[in-house]
Amino acid sequence: MRFEFVRIRLTLFMLFLAPLLICAQQFQDSVTFVLPAGNQRGTEIYNQLEQARSLNSSNPKEALDKVEKALEMSVQSKDKQAEGWSYHTFGLVSYQLGKYDLAIQHFEKALGLFREVENEEGLNNAYQNLALSHEKAGNYGRSLEFFLISAKRAERNGNSKAFMQAQKDIARVYFKMKEFPLAANRYKTLLEMYRKNNDEAGIADSYNNLGTVYLEMADTAKAIEYYKLATHSATIASDTFNLVNGYNNLTNVYQQQRSNYGEQISYQKQVLELNKKKRDSRVQSEANISLARSYLSNNNTIQAIPYLESSIKINQESGQLKEQSKAVEALSKAYEELGDYKKALESYKSYVSIVDSLQARQEEEEAAALALNEEISRREERIELLVRSQDLTEKEMEVLRRESLVQEEGLERQRWINGLLVGLLGVTVLAGFLIWRSSRARRKANQLLALKSLRSQMNPHFIFNSLNSVNSFIASNDERSANKFLSEFSRLMRAVLDNSQHEFISLSREVEILGIYLNLEHFRFKDKFEYSFQVAPDLEQDSLSVPPMLIQPYIENAIWHGLRYKPEKGFLKVEISKDAHDIVVKVEDNGIGRARSLELKTMHQKEHNSTGLKNTSERLNIINELYQTQLTVSIEDLQQNGKAAGTRVTLRIPLRHALDREDLTI
């Protein structure tokens, strides 16, 4: 019976991998949908733009229709100001859809038109939204330039509110650039401004932001001090938003330190109480999960369960599948820790069902996103053709006016024909270019989907091969070894499934996964091989990025096809270093070699190449084409005295530096 429990625990632990999350401080950054004051005489153009604003969230496709119509009318009427606001609105719609590069293009066009007609209101909005779009696109240097321009314009115009907002934006970008002292100084300057204005809500917001900056600077004591000051000021101002943020930030710090359990629980209960009037399902869910996490950390599993059940109920009502899956997963783990395997299994089944629904929803959203990309590309093509056609028409009319003055009928006809031919040729060339550009965008989108598909195929293959190791312990009634292996296996699965959602991860996270995997395989085949795992000390592991699960298949191949069949004990050597341009990974074994390994394979094995190596090869080709890089792999058969003496795999990954932290949204 105990081994039946081990089997159940194995199944459950495979999915108890995502940590409970709490609501951390979020710095706010979003565009505002602005149109000219007074709606510019209420013309049809601005009516179309106002309708686009109201439809942007609920029906983006119809919003694009309105913007396109407004742009067409403004071009035909030669109204440069209306054309500028049309491009500006097109940029706002693109921003809300997450198409930040496209938003930048439209805001730049709007900026040029606003300069031409000297529209100060339009210039202010264009600079601000260009800064935000560059920030979202990760172009922090350009973003900072535009925010500094916005700050100077606001100061020159005596607009203190806009000036303070620009200072806050600049501080946020400094934070993202990891210029923490500069960010702290900006927030302190803002703090003094809010104090002069007796703005307690602004003071609370500045304290929360300062706390987050100092937490990133590893000054935990200072961070806690600022978070507590934030809750005090927010209480005075009756500012629920910053009060909730302060409580959540304090809870986050204490949970990381595994301390002050009583305060953690008190803070989250206050968050729940504050949310009674507001009834924000997201805040309620996160507060319940955070409370449960505090109880679980203090080994109060029974007290954690009601809060997890409450979070599940809230997310069921609001339709938040992702948050619901976290709570159900944690609830299953809690029941498992209490020894109630029946309820644990029921919760696990519920979790699997939710994950399936979430996957289906994700696939629908991805399909919709691809369709929307194509729709936006078509709109772009039509707008470009519209503008070019308008320019062509104006040129033709100018030619006709000159010809009428000269009154030379033959020359007039010839010039008209020539102009028409040139126009048709230009339109044809432009149409061909736009079709080519649209095709290239679709190819890139398809490559991204293929790359994601290959990553998702790696996980079940990797899990299946790893479970072979656990199965042998269970079959031999070695419960202690099975439990020990299972604990490490759970850590490995948690890291693998988490990292598989990203195109690139830090080298340090990849090294951690490889270390756990090598330890597990050595634990299984300790009588078959020894190994060394060396990482060059000059590698900046946290700042370098690599594709996840790229190295592991070669290590697995060396163990399972090289060393496992060797009569005597073998040796595996894994080295990670760098040269001027690349991260260099070497996987070397003194096993039986590829030729002998092929001889030992069954007919079925010969007909099927290794899924891991095949997928890895396809991933290399797609990544190289998609990111214009040169990931290479070479495999060398080693020999000694004319006989096979193992295999050496050399993988070269071009140096790639990570610009963002994925675990903090600012």
# chains A, B, ... in the order shown; residues from 1 in each chain; ligands from 1
call {"tool": "residues_around", "arguments": {"residues": "Thr220 (chain A)", "least_positions_apart": "5", "cutoff": "12 Å", "atoms": "only C-alpha atoms", "output": "PyMOL selection string"}}
result
chain A and resi 210-215+225-227+249-250+252-254+256-257
call {"tool": "residues_around", "arguments": {"residues": "Thr235 (chain A)", "least_positions_apart": "4", "cutoff": "12 Å", "atoms": "only C-alpha atoms", "output": "PyMOL selection string"}}
result
chain A and resi 200-201+203-205+228-231+239-247+270+274
call {"tool": "select_by_dssp", "arguments": {"residues": "region 93-201 of chain A", "states": "helix (DSSP H, G or I)", "output": "PyMOL selection string"}}
result
chain A and resi 93-96+100-117+120-136+140-156+160-176+180-196+200-201
call {"tool": "atom_distance", "arguments": {"atom1": "CA of Phe114 (chain A)", "atom2": "CA of Gln81 (chain A)"}}
result
6.6 Å
call {"tool": "residues_around", "arguments": {"residues": "region 162-177 of chain A", "least_positions_apart": "3", "cutoff": "7 Å", "atoms": "only C-alpha atoms", "output": "number ranges by chain"}}
result
A: 140, 144, 147, 150-151, 154-155, 159, 180, 182-183, 186-187, 190, 666
call {"tool": "closest_residue", "arguments": {"among": "A:Leu321, A:Val535, A:Ala344, A:Ala475", "to": "Leu358 (chain A)", "atoms": "only C-alpha atoms"}}
result
A:Leu321
call {"tool": "residues_around", "arguments": {"residues": "Ile289 (chain A)", "least_positions_apart": "3", "cutoff": "10 Å", "atoms": "only C-alpha atoms", "output": "JSON, numbers by chain"}}
result
{"A": [20, 21, 22, 23, 268, 283, 284, 285, 286, 292, 293, 294, 295, 304, 305, 307, 308, 309, 310, 311, 312, 323, 326, 327, 330, 331]}
call {"tool": "residues_around", "arguments": {"residues": "region 567-577 of chain A", "least_positions_apart": "6", "cutoff": "7 Å", "atoms": "only C-alpha atoms", "output": "PyMOL selection string"}}
result
chain A and resi 527-536+539+583-591
call {"tool": "closest_residue", "arguments": {"among": "A:Val67, A:Lys78, A:Met73, A:Tyr517", "to": "Leu92 (chain A)", "atoms": "only C-alpha atoms"}}
result
A:Val67
call {"tool": "atom_distance", "arguments": {"atom1": "CA of Gln639 (chain A)", "atom2": "CA of Gly593 (chain A)"}}
result
8.8 Å
call {"tool": "atom_distance", "arguments": {"atom1": "CA of Glu135 (chain A)", "atom2": "CA of Glu120 (chain A)"}}
result
22.8 Å
